[in-house]
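Engineer: First the structure, which I've put down as structure tokens, then a few questions once you've had a look.
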Amino acid sequence: MSSPAPVRGRRAGAGVSFILPYLPFLIGFGIAPMIYALVLAFTTSGGGWAGAGNFTRTFKDYRFLPAFEHILLYTGVWLGTLIVFVVGLALLLHGRAGRVSTGFRFLFYLPGALAGAAAVLVWLFMLDPAVSPFSFLEHDVFGVQLFVQSIAPGKLPFVFAMIAFWTGAGGWIVVMYGALNTIPPELDEAARIDGAGPFTIALRLKLPLIRKWIAYMLILSFATGTQLFIEPQLVNEASLGLVPDTWSSNQLAYQLAFRYGDFNAAAAIAVDLLVIGLLAAVLIVTRTGLFRREG
Amino acid sequence: MRATARGLRLLILTAFAVFFVIPVGWLILAPTKADGALVRRNPLSFGSFHQVVLAWDHLDAFSDHIYRVWIGNSLLYALSATAIVLATAIPAGYGLALGNFPGRKLVLTLTLVVMIMPAAALVLPIFLELNAMHLIGSVLSVILPFSFFPFGVYLAYLYYATAIPRDLLDAARVDGAGEWQTFRRVALPLAKPIVALVFFFSFVADWNNFFLPYAVLADSSQYPIQVGLSDLLSSTPSFNPAQGGGGQQVNIFRPELALATLLAVVPVAIVFLLSQRALVRGMLGGAVKQ
């Protein structure tokens, strides 16, 4: 095109009509709820300014610290298992690709179809020594004879971490495997010629190259883990109240809103959790570089 | 030495495969046995198909066929919300990728941030907002929040920004087609794979969502299946011997509960297996170039 081409279609304002149907949803269920929660968190039930009142009030609630301890312990255990086993299994699978590796990836991925309440129900059965196929483990290794012993409060963070690992690990293994596949085979080859064994290649070459994916998995899982709700809620129902219905922070906020009608306190806790989620999201977008598209 | 390493590798992988697969196998086999047999017999043995029919009859009779109502509700919520998602997200992704208007970057960044944030973080704020709007207890209080699916917008954006040659669209415009015509005649037909992808993700996310409907719906006849399962759990003595007589009256024991769980995941399992690759690509957020 030698002659000055007509301005290529992109006058200012072009395309704005396409996002108009989406905007009400983005504002209504993305932005507005956050702002409204903030407003509630900083006001009193009468609508007056509360300052940090709601935050200090909920912090002093006797259930607040235990709930945060629970989710932090749970998240810690979960992240630990994720990093060791997901990365380990992905490296193991990638060491010798082939049909066996594909088959295993599929089997690991299978429980992902059971999310939410279904996964929890399955594990309630698995934890009941009366019917569980793992009952020999429960009897002999953990000394558990009854269902209520399986869900004893001290074990819950580990139980929930296991459920989360069971449903989610397969997906992450496939993701890590995909990331490992983007490593050019020549690199692998060169290392092998240099005399590096498979173990050295995995740890020294492959692991550093998928670091940002591991960071992504950990930040995202941390944010998701702190929002725990359904697992303790169902265990509360199955245990006839043996496990409190304020076990996790989200449950506490839920109870404050529903049982006590204290929306300002509920909003304060929701904002605490929202900040964790927002921080994680911003961290992923700005630090991992995984979502960098525009120059 | 090498053989030992290979054997060890296979051993570790098999041990994990057992951990991942056995619970699924147990769940599939459980409804084939009566409650007593579940305790006495080998946990991984097959009972009979007759027992499955029996378990279904009990489940179906529970609370006046409410199990069917729950499945119907889930389909209604997930499908209508997904329809709205498709109608809004595909054009939005297109506009964000190829448009040129003030605030474009802001909308894109907000979409990205809300997309990465865990959905549960927004449930209570959304509940508080719907409460102020007096929408709690209405079907809309589930469908409208479900219809906001930033991940779908991001996928469509990514697709239009990278996979569609801009010249193609420019050519259409030079031919005198208006903006909407260009979208409808050229861009939309090109987006078929992305429509399928967004459909899958949105449907699965809505079907599996527990917290939001649990928070905003009050009447059990409005529950989607995920919340229905928790209702079923709390009204049976499967894990609560103390509930005693309750189980006799409603006839819901462990086989029925297992069947209810199994049937609840069938739609997602089908979608999941059909779209394994697409789902993974989506989990990667399209961030890795193919």
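Following the order of the structure tokens, chains are lettered A, B, ..., residues in each are numbered from 1, and ligands are numbered from 1.
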Find the spatial neighbours of segment 19-35 of chain B, counting only C-alpha atoms, within a cut-off of 6 Å - ignore same-chain residues fewer than 5 positions away - and output them as an NGL selection string.
Structural biologist: (:A and (108)) or (:B and (44 or 46-49 or 51-52 or 254-255 or 259))
Engineer: If you count only C-alpha atoms, which residues fall within 9 Å of Met162 of chain A, apart from same-chain ones fewer than 5 positions away, as a list in words?
Structural biologist: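 With the cut-off at 9 Å, the set is Val77, Trp78, Thr81, Pro157 and Thr167 of chain A.
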Engineer: For the residues selected in the previous step, produce a file with N, CA and C atoms as a PDB file, in the first residue's frame.
Structural biologist:
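In the end it all went to selection13.pdb:
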```
ATOM      1  N   VAL A  77      -1.105 -26.558  54.967  1.00  0.00           N
ATOM      2  CA  VAL A  77      -0.968 -27.993  54.680  1.00  0.00           C
ATOM      3  C   VAL A  77      -1.240 -28.252  53.199  1.00  0.00           C
ATOM      4  N   TRP A  78      -2.291 -27.602  52.702  1.00  0.00           N
ATOM      5  CA  TRP A  78      -2.685 -27.829  51.311  1.00  0.00           C
ATOM      6  C   TRP A  78      -1.585 -27.368  50.345  1.00  0.00           C
ATOM      7  N   THR A  81       1.322 -29.851  50.372  1.00  0.00           N
ATOM      8  CA  THR A  81       1.096 -31.071  49.588  1.00  0.00           C
ATOM      9  C   THR A  81       1.090 -30.752  48.103  1.00  0.00           C
ATOM     10  N   PRO A 157      -8.059 -29.761  59.476  1.00  0.00           N
ATOM     11  CA  PRO A 157      -7.284 -29.059  58.443  1.00  0.00           C
ATOM     12  C   PRO A 157      -6.631 -30.041  57.472  1.00  0.00           C
ATOM     13  N   THR A 167      -9.437 -33.443  44.652  1.00  0.00           N
ATOM     14  CA  THR A 167     -10.195 -32.922  43.510  1.00  0.00           C
ATOM     15  C   THR A 167      -9.327 -32.066  42.586  1.00  0.00           C
TER      16      THR A 167
END
```
Engineer: In Å, with one decimal, what is the gap from atom CA of Lys105 of chain B to atom CA of Val85 of chain B?
Structural biologist: 20.8 Å
Engineer: Please list as a ChimeraX atom specification every residue within 8 Å of Leu40 of chain A, counting only C-alpha atoms and excluding residues in the same chain fewer than 5 positions away.
Structural biologist: /A:263-264,267-268
Engineer: I'd like the neighbourhood of Val186 of chain B as a list of chain:residue names, where a residue qualifies if any of its atoms comes within 9 Å (using only C-alpha atoms), though same-chain residues fewer than 4 positions away should be ignored.
Structural biologist: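 Here the answer would be B:Leu168, B:Leu169, B:Ala172, B:Gln181, B:Thr182, B:Leu190.
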